[in-house]
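The structure appears below as C-alpha cells.
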Amino acid sequence: MEGRVDVVVVDPSGRGVEARVEIASRSPQFAAAARADAEGRATLHRIPPGIYRVTAEHAGFETAEQRIEVRSSVPKSVRVVMEIAALRQAVTVAAAPLFDPLNPSPAVTVGRQDLDRMLGTTLGRSTVDVVTTMPGWLLEANAVLHPRGSEYDTQYVIDGMPIYDNRSIAFAPAFENSEFEAVNVRTAGIPAEYGRRLGGVIALDTRRVGALGHHSDASLALGSYGNRIGALTHQYNRRGGEFSIGMHGGATERYLDPPSLENFTNKASAGGGNVRFATDLKRLDRLTFYGRTNRTGFLVPNDLVQQEAGQRQDRRSRESAAQVHYQGALSASALVSVRGMVRDLSSGLWSNPHATPVFARQDRGLREGVVMADLTVDGERHTLKVGGDVRSLSLREQFQMAEPDELPELDLDFRARERGLEASAFVQDAFRIGNFAASVGLRLDRYRLLVEDTALSPRLAASYFIPRVGLQVYASYDRIFQPPPTENLLLSSAGARLGLGAVEGVLAVPPSRANFFEAGVRKPLGDALRLDVKHYWRSFRNSIDDDVFLNTGLSFPITFDSAQVEGTEVHLELPHWRGISAVVSYANMLGVASSPVTGGLFIEGGEAEELRGVVERFPISQDQRNTVAAMVRFEIHPRVWVSAGARYGSGLPVELEDDDDDDDDDDDNGDEEEEDGGAEEELGQAVPRAIQDQIDLERGRVRPNLSLDFSVGALLWRLGSRSATLQFDIRNLTDRLNVINFTGLFSGTALAPGRQATVQLRVRF
C-alpha cells in the first residue's frame, strides 16, 4: 500500500512558489523530492504509510516545514506557506518520531541509500541479504529464506502484486537491489488484504523516478569467485508522467552453496530487463504499466564422487511478467484500485549420462493470470478497505529418472498438466481513538487445484501508546490459510500411485492452516535510538516442509501433521546520529514438528518410513536457536564512510542415519558411545575432516557459524544530481568455514562462502 501526497506551496499572499519540496521520515527510513511548478503544485507518488516531515525551500524565503501522516493510498493534500526571509517569525516543527505510535504493525523498511550501500555479494543474493539483516529471518542453503521457521511460506509483493512461488535462486530468477527503491518486510500483524503465504511478506518497490528530465544510473561489481554483476537504468520524468527502463546481468563461479570444499561445477550467468511507465489520466487518476523478464542458467555443484564420475547437471529458469495498475479517486476520501498481471515461469534440469547415483531430467512451468481490485475509504479516525482477487493457474511438469547404467530405459517418466483457480475477498478497518490504534480484518479464501478447500481467516492487531514514557505496547493475531506449493506439486501429489515412497493413501499435498500470535513493546531511547522487543507463537496443521532430491537443488513438498514455533526477537536501531547509524538484532527460536507425514513425496524411498505411521516429535529443519546480526556505519567525512558487521548463528539440526533423533532419550552411556562411534565412522568414510570438525555429534547440530564483514566507501565526484561512488567490501573477513546444512533426511550438505572481496562502482548522470 502506497499513498500520494499533493503539495501546494504558496507565499503569504497565497501565490504559488516554485519551491523544492522534500518529504522525509525516520520510520520508515524514506525520502523523496519534487519541484513545484509556477502555481506551487508538486506531487509525490508511491509514499509508504508513516509520519513525515514536509520541507519546502526557495531562495528569498525561509524554509517551511510541516508534519503530516500518510495512512492509506488515498491522496493527501498539504498546503505549505513560505514566509519571506526578512518577515519570518520563529517556528519550531517537531521532527518525525522514531516510530509511528498509531501503527500497531508497521513494516520494517530498508530504503534506497541503504540498498546502494549494501555489501557486495554473489549473483542473485543482494535482496535476500537485505532481508536477513532483520530479526526472525533465517537463510538456509541456496538463498532460501525462512521467516520464523516457516518453509515455503514467504510472499513477495512487486509494486502491490503478490507472487507466491518459491523464490530460491535454485527455483526462479532472483531479484536484485538495482531494480528496487525499498524493501519492506512484515512477519506479524498482517492485514487481511494479504493471503496464501504469510510466514513473512517482502514488498519490493521498484525504483522511483526523481527530478524532472532524464537521469541514468549505472553500477558494476567485481569480486571473488569470479563475480561480475552490472546494472543500467534510465529514467525520464515529465509533469503528469514518468518512464524508466533497466537491465542487469552477471556471472559467477559460485552460485549455489556447494556440498564440497572444492566448489565443483558451480558456474552461473543471469540477465534481465524491466520497464515501467506511469501517466496521470486526470489530476487524481493514474495508470501504471510494469514489465520484467529474467533468465538464469547454472550448473549444479557436484560432490567428490559425482565429480570423479564426470557428472554434469545444468539448470535454467526463465520468468516474464507484465502488470497494469489503475488508481482512480472517487472523492477526496475514496480511492479505487484495479490491478492485473500475467506471468510465465519455467524451470528445467538436464543431466548427462555420467550422473550418479541417478540420472534426472525435469521441465516444469507455471502460468498465471491475476485480477485484483480494492476500494479504500479514508476517514478522520477510520481507514476502511475492501477488495478481492481471482487467480488462474496452469501447471505443467515433466520429470524423468533412471539408474545411470540402465539408460536409455527410465525408471520414471512422469508428465502431467493441471489447471486451478484461487479466489479471495477481504474487508479490513484500521482505526484510531486517542492513543489506541487497531486493525481488524477478515479474509475469505477459495482454493481449487488438486484439492478443493475454503477458509475464513480473521486478523487483528492493536496497540496503545503511553506518551508519558514514550512506550507502545502491541499485540496481534493472524489466522493463516496456505495452499500447497506449486513447485513439483503434481509429482509430489501423484507419488502414492507411482510407488515412489509417498505416504499410502495420500493423493495430494493438503493445504496448511496456522495460528500466529505476537506481543511486544516499542520505545525510543532518547531521540536517536529505537528499541523493539517481541515474542511470538506459531502453531501449524499440515506443516509444510520439503524433501531435497540428492544435491540437484530440486525439492518436493511434504507435510507433517503439526508444528509449533516459538521465539523472541530484539531489535535495537540507531537510524542516524552525528554521522553514525547502527543496528543490532537478536532472535531466539525453538521449532518442533510432529509426524505422521500427511502428504508429499520422498522420491528416494524408504528414508522416512519411521515417520509415516507413528507420532514422533523432532526439530524442524530451520530450528536455529540463536541468531545475532549487527552493523555499524560511520561517516568519517561527508564523502567517506566505513562500516563493520557481524552475523552469528548457533547451528541447524543434523540427522545422521545412526542418530537416535530423540533429544530426550535416556539411553545408558554405553549405547550413547556406541551410537557416537558409529556416527563418527560413517562421517569418516565420506566427509573431509574440515567439515567433520564443524559437526557437533553430541548436540546433533552443525557447530555455530560466524561471519565478520567490513566495508569502506567514498563519494568520488558530485555535480548537482550527478555523482560517482566507489565501495570496497569484505565478507567473512576471517575466511571461516561455515557449514549451513549437513546431510539428513530432508536436506543435503551445503557450505557457506569463504572470504569474499568485492569492489562496487556506481555512477549517476
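Starting from 1 in every chain, residues are counted up; chains themselves are A, B, ... following the order of the C-alpha cells, and ligands are numbered from 1 as listed.
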
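For Leu716 of chain A, the set of protein, DNA and RNA residues having any atom at most 8 Å away, when counting only C-alpha atoms and skipping those fewer than 2 positions along the same chain, is Arg639, Ala714, Arg718, Ser723, Ala724, Thr725 and Leu726 of chain A.
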
With a distance cut-off of 9 Å and only C-alpha atoms, select the neighbouring residues of Pro106 of chain A, excluding the residue or stretch itself and same-chain residues fewer than 2 positions from it, and output the selection as a list in words. Ser27, Pro28, Pro49, Gly50, Phe99, Asp100, Asn103, Pro104, Val108, Thr109, Val185, Arg186 and Gly189 of chain A

Residues as selected, all heavy atoms, written as an mmCIF file, in the first residue's frame, can you do that?
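The result, stored in part-v9.cif:
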data_model
loop_
_atom_site.group_PDB
_atom_site.id
_atom_site.type_symbol
_atom_site.label_atom_id
_atom_site.label_comp_id
_atom_site.auth_asym_id
_atom_site.auth_seq_id
_atom_site.Cartn_x
_atom_site.Cartn_y
_atom_site.Cartn_z
ATOM 1 N N SER A 27 10.741 6.669 10.201
ATOM 2 C CA SER A 27 10.042 5.395 10.370
ATOM 3 C C SER A 27 8.826 5.373 9.456
ATOM 4 O O SER A 27 7.766 5.892 9.801
ATOM 5 C CB SER A 27 9.592 5.208 11.822
ATOM 6 O OG SER A 27 8.891 3.989 11.969
ATOM 7 N N PRO A 28 8.957 4.826 8.216
ATOM 8 C CA PRO A 28 10.136 4.120 7.717
ATOM 9 C C PRO A 28 11.233 5.089 7.268
ATOM 10 O O PRO A 28 10.975 6.278 7.098
ATOM 11 C CB PRO A 28 9.581 3.365 6.509
ATOM 12 C CG PRO A 28 8.496 4.258 6.006
ATOM 13 C CD PRO A 28 7.868 4.858 7.228
ATOM 14 N N PRO A 49 2.995 4.266 4.061
ATOM 15 C CA PRO A 49 2.364 4.807 5.271
ATOM 16 C C PRO A 49 3.408 5.176 6.319
ATOM 17 O O PRO A 49 4.411 4.492 6.504
ATOM 18 C CB PRO A 49 1.475 3.648 5.746
ATOM 19 C CG PRO A 49 1.218 2.835 4.532
ATOM 20 C CD PRO A 49 2.467 2.932 3.710
ATOM 21 N N GLY A 50 3.156 6.276 7.032
ATOM 22 C CA GLY A 50 4.082 6.715 8.068
ATOM 23 C C GLY A 50 3.865 8.173 8.419
ATOM 24 O O GLY A 50 2.953 8.837 7.914
ATOM 25 N N PHE A 99 9.266 6.141 15.591
ATOM 26 C CA PHE A 99 8.298 5.163 15.107
ATOM 27 C C PHE A 99 6.915 5.786 15.156
ATOM 28 O O PHE A 99 6.687 6.796 15.833
ATOM 29 C CB PHE A 99 8.355 3.857 15.911
ATOM 30 C CG PHE A 99 7.941 3.988 17.352
ATOM 31 C CD1 PHE A 99 6.608 3.899 17.723
ATOM 32 C CD2 PHE A 99 8.889 4.183 18.341
ATOM 33 C CE1 PHE A 99 6.220 4.021 19.052
ATOM 34 C CE2 PHE A 99 8.528 4.306 19.662
ATOM 35 C CZ PHE A 99 7.180 4.225 20.028
ATOM 36 N N ASP A 100 6.005 5.193 14.417
ATOM 37 C CA ASP A 100 4.631 5.681 14.352
ATOM 38 C C ASP A 100 3.856 5.125 15.538
ATOM 39 O O ASP A 100 3.588 3.924 15.607
ATOM 40 C CB ASP A 100 3.999 5.229 13.033
ATOM 41 C CG ASP A 100 2.587 5.778 12.834
ATOM 42 O OD1 ASP A 100 2.039 6.358 13.787
ATOM 43 O OD2 ASP A 100 2.048 5.618 11.731
ATOM 44 N N ASN A 103 0.487 3.010 14.745
ATOM 45 C CA ASN A 103 0.532 1.890 13.801
ATOM 46 C C ASN A 103 0.939 0.640 14.574
ATOM 47 O O ASN A 103 2.097 0.508 14.966
ATOM 48 C CB ASN A 103 1.521 2.168 12.676
ATOM 49 C CG ASN A 103 1.461 1.130 11.568
ATOM 50 O OD1 ASN A 103 0.889 0.049 11.739
ATOM 51 N ND2 ASN A 103 2.051 1.443 10.430
ATOM 52 N N PRO A 104 0.013 -0.292 14.816
ATOM 53 C CA PRO A 104 0.348 -1.469 15.629
ATOM 54 C C PRO A 104 1.238 -2.484 14.933
ATOM 55 O O PRO A 104 1.857 -3.317 15.594
ATOM 56 C CB PRO A 104 -1.022 -2.071 15.957
ATOM 57 C CG PRO A 104 -1.913 -1.610 14.854
ATOM 58 C CD PRO A 104 -1.418 -0.254 14.459
ATOM 59 N N VAL A 108 8.993 -3.217 8.365
ATOM 60 C CA VAL A 108 10.384 -2.800 8.510
ATOM 61 C C VAL A 108 10.910 -2.481 7.112
ATOM 62 O O VAL A 108 10.829 -3.314 6.207
ATOM 63 C CB VAL A 108 11.232 -3.896 9.172
ATOM 64 C CG1 VAL A 108 12.673 -3.432 9.312
ATOM 65 C CG2 VAL A 108 10.654 -4.275 10.523
ATOM 66 N N THR A 109 11.441 -1.265 6.947
ATOM 67 C CA THR A 109 11.797 -0.780 5.621
ATOM 68 C C THR A 109 13.286 -0.494 5.509
ATOM 69 O O THR A 109 13.885 0.084 6.411
ATOM 70 C CB THR A 109 11.005 0.503 5.291
ATOM 71 O OG1 THR A 109 9.608 0.212 5.310
ATOM 72 C CG2 THR A 109 11.389 1.053 3.925
ATOM 73 N N VAL A 185 9.329 -5.349 4.935
ATOM 74 C CA VAL A 185 9.168 -6.706 5.447
ATOM 75 C C VAL A 185 8.164 -6.731 6.597
ATOM 76 O O VAL A 185 8.199 -5.870 7.488
ATOM 77 C CB VAL A 185 10.519 -7.275 5.908
ATOM 78 C CG1 VAL A 185 10.353 -8.624 6.569
ATOM 79 C CG2 VAL A 185 11.476 -7.386 4.727
ATOM 80 N N ARG A 186 7.283 -7.750 6.596
ATOM 81 C CA ARG A 186 6.336 -7.990 7.684
ATOM 82 C C ARG A 186 6.413 -9.456 8.102
ATOM 83 O O ARG A 186 6.542 -10.340 7.256
ATOM 84 C CB ARG A 186 4.895 -7.715 7.250
ATOM 85 C CG ARG A 186 4.560 -6.284 6.910
ATOM 86 C CD ARG A 186 3.122 -6.194 6.427
ATOM 87 N NE ARG A 186 2.731 -4.855 6.058
ATOM 88 C CZ ARG A 186 2.198 -3.970 6.894
ATOM 89 N NH1 ARG A 186 1.997 -4.316 8.156
ATOM 90 N NH2 ARG A 186 1.863 -2.761 6.483
ATOM 91 N N GLY A 189 0.965 -9.262 12.441
ATOM 92 C CA GLY A 189 0.008 -8.184 12.290
ATOM 93 C C GLY A 189 -0.274 -7.887 10.838
ATOM 94 O O GLY A 189 -0.369 -6.733 10.418
#

Atomic distance atom CA of Ser512 of chain A - atom CA of Asp165 of chain A, expressed in Å with one decimal: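 Result for atom CA of Ser512 of chain A versus atom CA of Asp165 of chain A: 15.2 Å, one decimal.
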
Please give the complete set of residues from segment 429-650 of chain A that DSSP, run on the backbone, assigns to strand (DSSP E), formatted as a PDB file with C-alpha atoms, in the first residue's frame.
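Produced file states_33.pdb, reproduced below:
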ATOM      1  CA  ASP A 429     -10.593  -1.422   9.055  1.00  0.00           C
ATOM      2  CA  ALA A 430      -7.761   0.496  10.671  1.00  0.00           C
ATOM      3  CA  PHE A 431      -8.988   2.925  13.337  1.00  0.00           C
ATOM      4  CA  ARG A 432      -7.508   5.259  15.919  1.00  0.00           C
ATOM      5  CA  ILE A 433      -9.056   6.506  19.168  1.00  0.00           C
ATOM      6  CA  PHE A 436      -5.246   3.416  20.902  1.00  0.00           C
ATOM      7  CA  ALA A 437      -4.942   2.015  17.377  1.00  0.00           C
ATOM      8  CA  ALA A 438      -6.166  -1.238  15.861  1.00  0.00           C
ATOM      9  CA  SER A 439      -6.508  -3.050  12.570  1.00  0.00           C
ATOM     10  CA  VAL A 440      -9.332  -5.578  12.261  1.00  0.00           C
ATOM     11  CA  GLY A 441      -9.855  -7.712   9.173  1.00  0.00           C
ATOM     12  CA  LEU A 442     -11.498 -10.817   7.770  1.00  0.00           C
ATOM     13  CA  ARG A 443     -10.387 -12.765   4.696  1.00  0.00           C
ATOM     14  CA  LEU A 444     -12.143 -15.488   2.704  1.00  0.00           C
ATOM     15  CA  ASP A 445     -10.044 -17.822   0.503  1.00  0.00           C
ATOM     16  CA  ARG A 446     -11.242 -20.385  -2.015  1.00  0.00           C
ATOM     17  CA  TYR A 447      -8.675 -22.824  -3.470  1.00  0.00           C
ATOM     18  CA  ARG A 448      -9.173 -25.376  -6.256  1.00  0.00           C
ATOM     19  CA  GLU A 452     -10.621 -28.007  -3.018  1.00  0.00           C
ATOM     20  CA  ASP A 453     -10.768 -26.027   0.184  1.00  0.00           C
ATOM     21  CA  THR A 454     -12.283 -22.874   1.645  1.00  0.00           C
ATOM     22  CA  ALA A 455     -11.003 -20.919   4.628  1.00  0.00           C
ATOM     23  CA  LEU A 456     -12.079 -17.920   6.695  1.00  0.00           C
ATOM     24  CA  SER A 457      -9.185 -16.033   8.301  1.00  0.00           C
ATOM     25  CA  PRO A 458      -9.637 -13.315  10.936  1.00  0.00           C
ATOM     26  CA  ARG A 459      -6.826 -10.808  11.542  1.00  0.00           C
ATOM     27  CA  LEU A 460      -6.348  -8.473  14.493  1.00  0.00           C
ATOM     28  CA  ALA A 461      -3.579  -6.073  15.507  1.00  0.00           C
ATOM     29  CA  ALA A 462      -3.819  -3.500  18.294  1.00  0.00           C
ATOM     30  CA  SER A 463      -1.545  -1.088  20.137  1.00  0.00           C
ATOM     31  CA  TYR A 464      -1.632   1.503  22.884  1.00  0.00           C
ATOM     32  CA  PHE A 465       0.840   4.358  23.193  1.00  0.00           C
ATOM     33  CA  ILE A 466       1.784   5.718  26.620  1.00  0.00           C
ATOM     34  CA  LEU A 471       6.148   3.336  25.143  1.00  0.00           C
ATOM     35  CA  GLN A 472       3.983   1.489  22.619  1.00  0.00           C
ATOM     36  CA  VAL A 473       2.503  -1.864  23.670  1.00  0.00           C
ATOM     37  CA  TYR A 474       1.172  -4.009  20.839  1.00  0.00           C
ATOM     38  CA  ALA A 475      -0.201  -7.460  20.050  1.00  0.00           C
ATOM     39  CA  SER A 476      -1.564  -9.292  17.005  1.00  0.00           C
ATOM     40  CA  TYR A 477      -3.323 -12.467  15.890  1.00  0.00           C
ATOM     41  CA  ASP A 478      -3.239 -13.822  12.334  1.00  0.00           C
ATOM     42  CA  ARG A 479      -5.190 -16.839  11.112  1.00  0.00           C
ATOM     43  CA  ILE A 480      -3.351 -18.359   8.157  1.00  0.00           C
ATOM     44  CA  PHE A 481      -4.544 -20.464   5.224  1.00  0.00           C
ATOM     45  CA  GLN A 482      -1.716 -21.663   2.992  1.00  0.00           C
ATOM     46  CA  SER A 512      -1.825 -25.840   5.662  1.00  0.00           C
ATOM     47  CA  ARG A 513      -3.502 -23.826   8.422  1.00  0.00           C
ATOM     48  CA  ALA A 514      -1.842 -21.888  11.207  1.00  0.00           C
ATOM     49  CA  ASN A 515      -2.413 -19.506  14.097  1.00  0.00           C
ATOM     50  CA  PHE A 516       0.143 -16.725  14.620  1.00  0.00           C
ATOM     51  CA  PHE A 517       0.340 -14.712  17.852  1.00  0.00           C
ATOM     52  CA  GLU A 518       2.711 -11.866  18.718  1.00  0.00           C
ATOM     53  CA  ALA A 519       3.105  -9.403  21.600  1.00  0.00           C
ATOM     54  CA  GLY A 520       5.738  -6.744  22.149  1.00  0.00           C
ATOM     55  CA  VAL A 521       6.812  -3.229  23.035  1.00  0.00           C
ATOM     56  CA  ARG A 522       8.476  -0.379  21.138  1.00  0.00           C
ATOM     57  CA  LYS A 523      10.249   2.525  22.758  1.00  0.00           C
ATOM     58  CA  PRO A 524      12.595   5.331  21.747  1.00  0.00           C
ATOM     59  CA  LEU A 525      15.735   5.615  23.848  1.00  0.00           C
ATOM     60  CA  LEU A 529      17.728   5.005  19.434  1.00  0.00           C
ATOM     61  CA  ARG A 530      14.705   2.785  18.807  1.00  0.00           C
ATOM     62  CA  LEU A 531      14.104  -0.483  20.691  1.00  0.00           C
ATOM     63  CA  ASP A 532      11.650  -3.202  19.645  1.00  0.00           C
ATOM     64  CA  VAL A 533      11.161  -6.377  21.722  1.00  0.00           C
ATOM     65  CA  LYS A 534       8.612  -9.044  20.738  1.00  0.00           C
ATOM     66  CA  HIS A 535       7.642 -12.625  21.482  1.00  0.00           C
ATOM     67  CA  TYR A 536       5.663 -14.852  19.122  1.00  0.00           C
ATOM     68  CA  TRP A 537       3.941 -18.221  18.991  1.00  0.00           C
ATOM     69  CA  ARG A 538       3.024 -20.143  15.831  1.00  0.00           C
ATOM     70  CA  SER A 539       1.134 -23.418  15.505  1.00  0.00           C
ATOM     71  CA  PHE A 540       0.632 -25.259  12.195  1.00  0.00           C
ATOM     72  CA  ARG A 541      -1.646 -28.049  10.993  1.00  0.00           C
ATOM     73  CA  ASN A 542      -0.296 -29.894   7.935  1.00  0.00           C
ATOM     74  CA  SER A 543       3.026 -28.111   8.362  1.00  0.00           C
ATOM     75  CA  ILE A 544       4.794 -27.755   5.013  1.00  0.00           C
ATOM     76  CA  ASP A 545       8.409 -28.815   4.533  1.00  0.00           C
ATOM     77  CA  ASP A 546      10.363 -30.153   1.573  1.00  0.00           C
ATOM     78  CA  ASP A 547      12.418 -33.218   0.711  1.00  0.00           C
ATOM     79  CA  VAL A 548      15.587 -32.316  -1.207  1.00  0.00           C
ATOM     80  CA  SER A 555      12.846 -30.436  -3.765  1.00  0.00           C
ATOM     81  CA  PHE A 556       9.395 -31.903  -3.328  1.00  0.00           C
ATOM     82  CA  PRO A 557       6.755 -30.535  -0.926  1.00  0.00           C
ATOM     83  CA  ILE A 558       5.772 -32.703   2.034  1.00  0.00           C
ATOM     84  CA  THR A 559       3.537 -32.053   5.031  1.00  0.00           C
ATOM     85  CA  PHE A 560       3.736 -33.173   8.650  1.00  0.00           C
ATOM     86  CA  ASP A 561       0.793 -33.485  10.982  1.00  0.00           C
ATOM     87  CA  SER A 562       1.670 -30.379  13.008  1.00  0.00           C
ATOM     88  CA  ALA A 563       4.419 -27.996  14.098  1.00  0.00           C
ATOM     89  CA  GLN A 564       4.949 -25.394  16.797  1.00  0.00           C
ATOM     90  CA  VAL A 565       7.395 -22.488  16.669  1.00  0.00           C
ATOM     91  CA  GLU A 566       8.084 -20.029  19.480  1.00  0.00           C
ATOM     92  CA  GLY A 567      10.612 -17.247  19.643  1.00  0.00           C
ATOM     93  CA  THR A 568      11.784 -13.886  20.936  1.00  0.00           C
ATOM     94  CA  GLU A 569      13.248 -11.074  18.853  1.00  0.00           C
ATOM     95  CA  VAL A 570      15.085  -7.930  19.961  1.00  0.00           C
ATOM     96  CA  HIS A 571      15.861  -5.108  17.539  1.00  0.00           C
ATOM     97  CA  LEU A 572      17.873  -2.026  18.533  1.00  0.00           C
ATOM     98  CA  GLU A 573      18.410   0.621  15.861  1.00  0.00           C
ATOM     99  CA  LEU A 574      20.196   3.955  15.620  1.00  0.00           C
ATOM    100  CA  PRO A 575      18.839   5.378  12.335  1.00  0.00           C
ATOM    101  CA  HIS A 576      21.204   8.337  12.149  1.00  0.00           C
ATOM    102  CA  TRP A 577      23.052  10.311  14.800  1.00  0.00           C
ATOM    103  CA  ILE A 580      26.617   7.152  12.872  1.00  0.00           C
ATOM    104  CA  SER A 581      23.953   4.574  12.044  1.00  0.00           C
ATOM    105  CA  ALA A 582      23.782   1.151  13.625  1.00  0.00           C
ATOM    106  CA  VAL A 583      21.528  -1.835  14.151  1.00  0.00           C
ATOM    107  CA  VAL A 584      21.725  -4.897  16.382  1.00  0.00           C
ATOM    108  CA  SER A 585      19.202  -7.729  16.300  1.00  0.00           C
ATOM    109  CA  TYR A 586      18.863 -10.957  18.248  1.00  0.00           C
ATOM    110  CA  ALA A 587      16.474 -13.848  17.644  1.00  0.00           C
ATOM    111  CA  ASN A 588      15.855 -16.928  19.762  1.00  0.00           C
ATOM    112  CA  MET A 589      13.684 -19.626  18.227  1.00  0.00           C
ATOM    113  CA  LEU A 590      12.513 -23.138  19.071  1.00  0.00           C
ATOM    114  CA  GLY A 591      10.676 -25.148  16.412  1.00  0.00           C
ATOM    115  CA  VAL A 592       9.300 -28.681  16.718  1.00  0.00           C
ATOM    116  CA  ALA A 593       7.342 -30.742  14.159  1.00  0.00           C
ATOM    117  CA  SER A 594       5.245 -33.858  14.760  1.00  0.00           C
ATOM    118  CA  SER A 595       4.716 -36.850  12.495  1.00  0.00           C
ATOM    119  CA  PRO A 596       2.990 -38.696  10.920  1.00  0.00           C
ATOM    120  CA  VAL A 597       3.537 -37.420   7.406  1.00  0.00           C
ATOM    121  CA  THR A 598       0.224 -36.245   5.932  1.00  0.00           C
ATOM    122  CA  GLY A 599       1.251 -35.653   2.333  1.00  0.00           C
ATOM    123  CA  GLY A 600       4.017 -35.384  -0.218  1.00  0.00           C
ATOM    124  CA  ARG A 617       8.441 -35.043  17.652  1.00  0.00           C
ATOM    125  CA  PHE A 618      11.649 -33.680  16.133  1.00  0.00           C
ATOM    126  CA  PRO A 619      13.260 -30.258  15.475  1.00  0.00           C
ATOM    127  CA  ASN A 626      20.119 -18.232  18.456  1.00  0.00           C
ATOM    128  CA  THR A 627      20.837 -15.737  15.690  1.00  0.00           C
ATOM    129  CA  VAL A 628      22.619 -12.386  16.088  1.00  0.00           C
ATOM    130  CA  ALA A 629      23.240  -9.711  13.454  1.00  0.00           C
ATOM    131  CA  ALA A 630      24.948  -6.339  13.955  1.00  0.00           C
ATOM    132  CA  MET A 631      26.078  -3.484  11.734  1.00  0.00           C
ATOM    133  CA  VAL A 632      27.538  -0.029  12.414  1.00  0.00           C
ATOM    134  CA  ARG A 633      28.260   2.626   9.786  1.00  0.00           C
ATOM    135  CA  PHE A 634      30.262   5.780  10.471  1.00  0.00           C
ATOM    136  CA  GLU A 635      30.637   8.758   8.138  1.00  0.00           C
ATOM    137  CA  ILE A 636      34.198   9.823   8.867  1.00  0.00           C
ATOM    138  CA  HIS A 637      33.826  12.601   6.280  1.00  0.00           C
ATOM    139  CA  VAL A 640      33.624   8.888   3.126  1.00  0.00           C
ATOM    140  CA  TRP A 641      32.061   6.143   5.255  1.00  0.00           C
ATOM    141  CA  VAL A 642      33.144   2.875   6.815  1.00  0.00           C
ATOM    142  CA  SER A 643      31.009   0.047   8.157  1.00  0.00           C
ATOM    143  CA  ALA A 644      31.541  -3.193  10.043  1.00  0.00           C
ATOM    144  CA  GLY A 645      29.155  -6.042  10.666  1.00  0.00           C
ATOM    145  CA  ALA A 646      28.838  -9.485  12.178  1.00  0.00           C
ATOM    146  CA  ARG A 647      26.394 -12.364  11.896  1.00  0.00           C
ATOM    147  CA  TYR A 648      26.256 -15.369  14.219  1.00  0.00           C
ATOM    148  CA  GLY A 649      24.109 -18.493  14.124  1.00  0.00           C
TER     149      GLY A 649
END

Determine, using only C-alpha atoms, which residues of segment 184-246 of chain A have any atom at most 12 Å from an atom of segment 378-389 of chain A, and tabulate each with its shortest atom pair and distance in Å to one decimal place, rows ordered by chain and then rising number, as JSON lines.
{"residue": "A:Pro191", "atom": "CA", "partner": "A:Lys385", "partner_atom": "CA", "distance": 10.1}
{"residue": "A:Ala192", "atom": "CA", "partner": "A:Val386", "partner_atom": "CA", "distance": 9.3}
{"residue": "A:Glu193", "atom": "CA", "partner": "A:Gly387", "partner_atom": "CA", "distance": 7.5}
{"residue": "A:Tyr194", "atom": "CA", "partner": "A:Gly388", "partner_atom": "CA", "distance": 9.9}
{"residue": "A:Gly195", "atom": "CA", "partner": "A:Gly388", "partner_atom": "CA", "distance": 10.4}
{"residue": "A:Arg196", "atom": "CA", "partner": "A:Asp389", "partner_atom": "CA", "distance": 11.9}

Nearest residue to Gln362 of chain A out of A:Arg339, A:Arg316, A:His325, A:Arg722, using only C-alpha atoms?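 Using only C-alpha atoms, Gln362 of chain A sits closest to A:Arg316.
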
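Compared by their closest atoms to Met134 of chain A, and using only C-alpha atoms, the residues A:His45, A:Arg112, A:Arg699, A:Arg148 rank with A:Arg148 nearest.
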
Of the candidates A:Ala251, A:Val712, A:Leu256, A:Ala56, which one gets nearest to Arg228 of chain A if we count only C-alpha atoms?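 Distance minimum relative to Arg228 of chain A lands on A:Ala251.
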
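For segment 369-522 of chain A, a DSSP pass over the backbone yields alpha helix (DSSP H) at Leu489, Leu490, Leu491, Ser492, Ser493, Ala494, Gly495, Ala496, Arg497 and Leu498 of chain A.
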